[in-house]
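What follows is the content of final-v8.pdb, which has PDB, C-alpha atoms:
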ATOM      1  CA  MET A   1     320.581 -15.898 161.444  1.00  0.00           C
ATOM      2  CA  ALA A   2     318.056 -17.231 158.946  1.00  0.00           C
ATOM      3  CA  SER A   3     319.501 -20.739 159.202  1.00  0.00           C
ATOM      4  CA  SER A   4     319.138 -20.734 163.006  1.00  0.00           C
ATOM      5  CA  ARG A   5     315.455 -19.816 162.655  1.00  0.00           C
ATOM      6  CA  LEU A   6     315.040 -22.640 160.139  1.00  0.00           C
ATOM      7  CA  TYR A   7     316.645 -25.144 162.550  1.00  0.00           C
ATOM      8  CA  ILE A   8     314.411 -23.996 165.408  1.00  0.00           C
ATOM      9  CA  LEU A   9     311.329 -24.265 163.193  1.00  0.00           C
ATOM     10  CA  CYS A  10     312.248 -27.789 162.030  1.00  0.00           C
ATOM     11  CA  PHE A  11     312.992 -28.861 165.616  1.00  0.00           C
ATOM     12  CA  GLY A  12     309.634 -27.531 166.846  1.00  0.00           C
ATOM     13  CA  CYS A  13     307.723 -29.252 164.051  1.00  0.00           C
ATOM     14  CA  SER A  14     309.448 -32.564 164.721  1.00  0.00           C
ATOM     15  CA  ILE A  15     308.560 -32.356 168.421  1.00  0.00           C
ATOM     16  CA  LEU A  16     304.930 -31.673 167.583  1.00  0.00           C
ATOM     17  CA  LEU A  17     304.853 -34.621 165.185  1.00  0.00           C
ATOM     18  CA  LEU A  18     306.364 -36.938 167.797  1.00  0.00           C
ATOM     19  CA  LEU A  19     303.845 -35.813 170.436  1.00  0.00           C
ATOM     20  CA  GLY A  20     300.978 -36.372 168.030  1.00  0.00           C
ATOM     21  CA  ALA A  21     302.192 -39.839 167.081  1.00  0.00           C
ATOM     22  CA  CYS A  22     302.700 -40.935 170.699  1.00  0.00           C
ATOM     23  CA  GLU A  23     299.145 -40.210 171.807  1.00  0.00           C
ATOM     24  CA  GLU A  24     296.944 -43.291 171.988  1.00  0.00           C
ATOM     25  CA  PRO A  25     293.273 -43.152 171.089  1.00  0.00           C
ATOM     26  CA  THR A  26     291.209 -42.954 174.260  1.00  0.00           C
ATOM     27  CA  LYS A  27     288.042 -44.451 172.798  1.00  0.00           C
ATOM     28  CA  ILE A  28     288.119 -48.197 172.250  1.00  0.00           C
ATOM     29  CA  GLN A  29     285.365 -49.461 170.028  1.00  0.00           C
ATOM     30  CA  GLY A  30     283.729 -52.787 170.579  1.00  0.00           C
ATOM     31  CA  ALA A  31     282.112 -54.978 167.964  1.00  0.00           C
ATOM     32  CA  GLY A  32     278.632 -53.675 168.867  1.00  0.00           C
ATOM     33  CA  ASP A  33     279.641 -50.024 168.540  1.00  0.00           C
ATOM     34  CA  ALA A  34     280.911 -50.481 164.993  1.00  0.00           C
ATOM     35  CA  ALA A  35     277.690 -52.193 163.915  1.00  0.00           C
ATOM     36  CA  GLU A  36     275.563 -49.416 165.427  1.00  0.00           C
ATOM     37  CA  GLU A  37     277.631 -46.714 163.746  1.00  0.00           C
ATOM     38  CA  SER A  38     277.486 -48.420 160.357  1.00  0.00           C
ATOM     39  CA  GLN A  39     273.693 -48.773 160.668  1.00  0.00           C
ATOM     40  CA  GLU A  40     273.393 -45.071 161.582  1.00  0.00           C
ATOM     41  CA  GLU A  41     275.604 -44.138 158.624  1.00  0.00           C
ATOM     42  CA  LYS A  42     273.426 -46.194 156.254  1.00  0.00           C
ATOM     43  CA  GLU A  43     270.275 -44.492 157.565  1.00  0.00           C
ATOM     44  CA  MET A  44     271.839 -41.062 157.160  1.00  0.00           C
ATOM     45  CA  ILE A  45     272.947 -41.857 153.597  1.00  0.00           C
ATOM     46  CA  GLU A  46     269.429 -43.053 152.702  1.00  0.00           C
ATOM     47  CA  ALA A  47     267.901 -39.889 154.180  1.00  0.00           C
ATOM     48  CA  LEU A  48     270.341 -37.689 152.243  1.00  0.00           C
ATOM     49  CA  GLN A  49     269.556 -39.529 149.007  1.00  0.00           C
ATOM     50  CA  GLU A  50     265.819 -38.942 149.554  1.00  0.00           C
ATOM     51  CA  VAL A  51     266.412 -35.235 150.135  1.00  0.00           C
ATOM     52  CA  LEU A  52     268.568 -34.973 147.002  1.00  0.00           C
ATOM     53  CA  GLU A  53     265.896 -36.706 144.914  1.00  0.00           C
ATOM     54  CA  LYS A  54     263.245 -34.292 146.203  1.00  0.00           C
ATOM     55  CA  LEU A  55     265.478 -31.315 145.391  1.00  0.00           C
ATOM     56  CA  ARG A  56     266.195 -32.649 141.911  1.00  0.00           C
ATOM     57  CA  ASN A  57     262.480 -33.123 141.215  1.00  0.00           C
ATOM     58  CA  SER A  58     261.454 -29.727 142.593  1.00  0.00           C
ATOM     59  CA  ARG A  59     263.723 -27.649 140.352  1.00  0.00           C
ATOM     60  CA  MET A  60     261.922 -24.949 138.431  1.00  0.00           C
ATOM     61  CA  PRO A  61     262.264 -24.661 134.660  1.00  0.00           C
ATOM     62  CA  LEU A  62     264.513 -21.902 133.372  1.00  0.00           C
ATOM     63  CA  LEU A  63     261.544 -19.741 132.297  1.00  0.00           C
ATOM     64  CA  GLU A  64     260.135 -19.703 135.826  1.00  0.00           C
ATOM     65  CA  LYS A  65     263.473 -18.596 137.273  1.00  0.00           C
ATOM     66  CA  LYS A  66     263.335 -15.295 135.425  1.00  0.00           C
ATOM     67  CA  LEU A  67     262.232 -12.544 137.753  1.00  0.00           C
ATOM     68  CA  GLY A  68     259.765 -10.899 135.394  1.00  0.00           C
ATOM     69  CA  TRP A  69     258.100 -14.116 134.246  1.00  0.00           C
ATOM     70  CA  VAL A  70     254.496 -14.677 135.363  1.00  0.00           C
ATOM     71  CA  PRO A  71     252.593 -17.907 134.516  1.00  0.00           C
ATOM     72  CA  SER A  72     249.543 -17.751 132.260  1.00  0.00           C
ATOM     73  CA  CYS A  73     246.011 -18.502 133.456  1.00  0.00           C
ATOM     74  CA  ASP A  74     242.637 -19.236 131.852  1.00  0.00           C
ATOM     75  CA  ALA A  75     239.735 -16.834 131.322  1.00  0.00           C
ATOM     76  CA  GLY A  76     237.643 -16.510 134.479  1.00  0.00           C
ATOM     77  CA  GLU A  77     240.487 -17.452 136.830  1.00  0.00           C
ATOM     78  CA  GLN A  78     241.760 -15.208 139.596  1.00  0.00           C
ATOM     79  CA  CYS A  79     244.644 -13.210 138.143  1.00  0.00           C
ATOM     80  CA  ALA A  80     245.585 -10.903 141.007  1.00  0.00           C
ATOM     81  CA  VAL A  81     245.486 -10.603 144.800  1.00  0.00           C
ATOM     82  CA  ARG A  82     244.755  -7.470 146.762  1.00  0.00           C
ATOM     83  CA  LYS A  83     246.935  -6.929 149.829  1.00  0.00           C
ATOM     84  CA  GLY A  84     245.873  -3.705 151.456  1.00  0.00           C
ATOM     85  CA  SER A  85     246.435  -0.912 148.982  1.00  0.00           C
ATOM     86  CA  ARG A  86     248.630  -3.067 146.735  1.00  0.00           C
ATOM     87  CA  ILE A  87     247.658  -5.547 144.053  1.00  0.00           C
ATOM     88  CA  GLY A  88     249.910  -8.498 143.281  1.00  0.00           C
ATOM     89  CA  ARG A  89     249.817 -10.298 139.929  1.00  0.00           C
ATOM     90  CA  LEU A  90     249.297 -14.063 140.083  1.00  0.00           C
ATOM     91  CA  CYS A  91     249.210 -14.807 136.355  1.00  0.00           C
ATOM     92  CA  ASN A  92     248.894 -13.289 132.879  1.00  0.00           C
ATOM     93  CA  CYS A  93     245.484 -13.415 131.238  1.00  0.00           C
ATOM     94  CA  PRO A  94     245.150 -15.029 127.776  1.00  0.00           C
ATOM     95  CA  ARG A  95     244.735 -12.989 124.567  1.00  0.00           C
ATOM     96  CA  ARG A  96     241.587 -10.901 124.144  1.00  0.00           C
ATOM     97  CA  THR A  97     241.118 -10.802 127.927  1.00  0.00           C
ATOM     98  CA  SER A  98     242.457  -8.563 130.638  1.00  0.00           C
ATOM     99  CA  CYS A  99     242.694  -8.686 134.404  1.00  0.00           C
ATOM    100  CA  ASN A 100     239.743  -6.804 135.902  1.00  0.00           C
ATOM    101  CA  MET A 101     241.222  -4.992 138.887  1.00  0.00           C
ATOM    102  CA  TYR A 102     237.823  -4.698 140.593  1.00  0.00           C
ATOM    103  CA  ILE A 103     236.955  -8.398 140.773  1.00  0.00           C
ATOM    104  CA  LEU A 104     240.563  -9.576 140.192  1.00  0.00           C
ATOM    105  CA  LYS A 105     239.648 -12.086 137.477  1.00  0.00           C
ATOM    106  CA  CYS A 106     240.474 -12.467 133.784  1.00  0.00           C
ATOM    107  CA  LEU A 107     237.569 -11.114 131.677  1.00  0.00           C
TER
END

Is it possible to express this structure as structure tokens?
Amino acid sequence: MASSRLYILCFGCSILLLLGACEEPTKIQGAGDAAEESQEEKEMIEALQEVLEKLRNSRMPLLEKKLGWVPSCDAGEQCAVRKGSRIGRLCNCPRRTSCNMYILKCL
């Protein structure tokens, strides 16, 4: 019983392979089509290389990837932003200064 299933499976696969091999490609490429496609491929490769270079250059350092890390700012700079009733931190103030929550600057 198992051998008959195996024979049927092999026979079906061989028929599928023969049908796939007998089909002819319907699209015939001319000399002009190949040149156009190769030019398009070159343009796409150049565009992808530019994008990859931009991504490589725009990577953040490991310290900036940490969720709790906030960059430092100078005294007198804006250190926070008020959005409605909430205040968002932009940067950490240097030593001996603190972020004034009324004017939102390091003093």

Report task. Using all atoms listed in the file, find the one residue out of A:Lys54, A:Arg89, A:Lys83, A:Arg5 that sits nearest to Pro71 of chain A. Result -> A:Arg89

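Applied to the file shown here, the PyMOL selection byres ((chain A and resi 80) around 6) selects Gln78, Cys79, Val81, Gly88, Arg89, Leu90 and Leu104 of chain A.
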
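As for atom CA of Leu52 of chain A and atom CA of Gln39 of chain A, they are spaced 20.1 Å apart.
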
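Picked by the PyMOL selection byres ((chain A and resi 98-103) around 12) from the coordinates shown: Ser72, Cys73, Asp74, Ala75, Gly76, Glu77, Gln78, Cys79, Ala80, Val81, Arg82, Arg86, Ile87, Gly88, Arg89, Leu90, Cys91, Asn92, Cys93, Pro94, Arg95, Arg96, Thr97, Leu104, Lys105, Cys106 and Leu107 of chain A.
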
Mind dumping the selected residues with C-alpha atoms as a PDB file, keeping the file's coordinate frame?
ATOM      1  CA  SER A  72     249.543 -17.751 132.260  1.00  0.00           C
ATOM      2  CA  CYS A  73     246.011 -18.502 133.456  1.00  0.00           C
ATOM      3  CA  ASP A  74     242.637 -19.236 131.852  1.00  0.00           C
ATOM      4  CA  ALA A  75     239.735 -16.834 131.322  1.00  0.00           C
ATOM      5  CA  GLY A  76     237.643 -16.510 134.479  1.00  0.00           C
ATOM      6  CA  GLU A  77     240.487 -17.452 136.830  1.00  0.00           C
ATOM      7  CA  GLN A  78     241.760 -15.208 139.596  1.00  0.00           C
ATOM      8  CA  CYS A  79     244.644 -13.210 138.143  1.00  0.00           C
ATOM      9  CA  ALA A  80     245.585 -10.903 141.007  1.00  0.00           C
ATOM     10  CA  VAL A  81     245.486 -10.603 144.800  1.00  0.00           C
ATOM     11  CA  ARG A  82     244.755  -7.470 146.762  1.00  0.00           C
ATOM     12  CA  ARG A  86     248.630  -3.067 146.735  1.00  0.00           C
ATOM     13  CA  ILE A  87     247.658  -5.547 144.053  1.00  0.00           C
ATOM     14  CA  GLY A  88     249.910  -8.498 143.281  1.00  0.00           C
ATOM     15  CA  ARG A  89     249.817 -10.298 139.929  1.00  0.00           C
ATOM     16  CA  LEU A  90     249.297 -14.063 140.083  1.00  0.00           C
ATOM     17  CA  CYS A  91     249.210 -14.807 136.355  1.00  0.00           C
ATOM     18  CA  ASN A  92     248.894 -13.289 132.879  1.00  0.00           C
ATOM     19  CA  CYS A  93     245.484 -13.415 131.238  1.00  0.00           C
ATOM     20  CA  PRO A  94     245.150 -15.029 127.776  1.00  0.00           C
ATOM     21  CA  ARG A  95     244.735 -12.989 124.567  1.00  0.00           C
ATOM     22  CA  ARG A  96     241.587 -10.901 124.144  1.00  0.00           C
ATOM     23  CA  THR A  97     241.118 -10.802 127.927  1.00  0.00           C
ATOM     24  CA  LEU A 104     240.563  -9.576 140.192  1.00  0.00           C
ATOM     25  CA  LYS A 105     239.648 -12.086 137.477  1.00  0.00           C
ATOM     26  CA  CYS A 106     240.474 -12.467 133.784  1.00  0.00           C
ATOM     27  CA  LEU A 107     237.569 -11.114 131.677  1.00  0.00           C
TER      28      LEU A 107
END

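From atom CA of Glu53 of chain A back to atom CA of Glu36 of chain A, the distance works out to 26.0 Å.
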
Requested in this report: Record the distance separating atom CA of Glu40 of chain A and atom CA of Leu55 of chain A, expressed in Å with one decimal.
Outcome: 22.7 Å
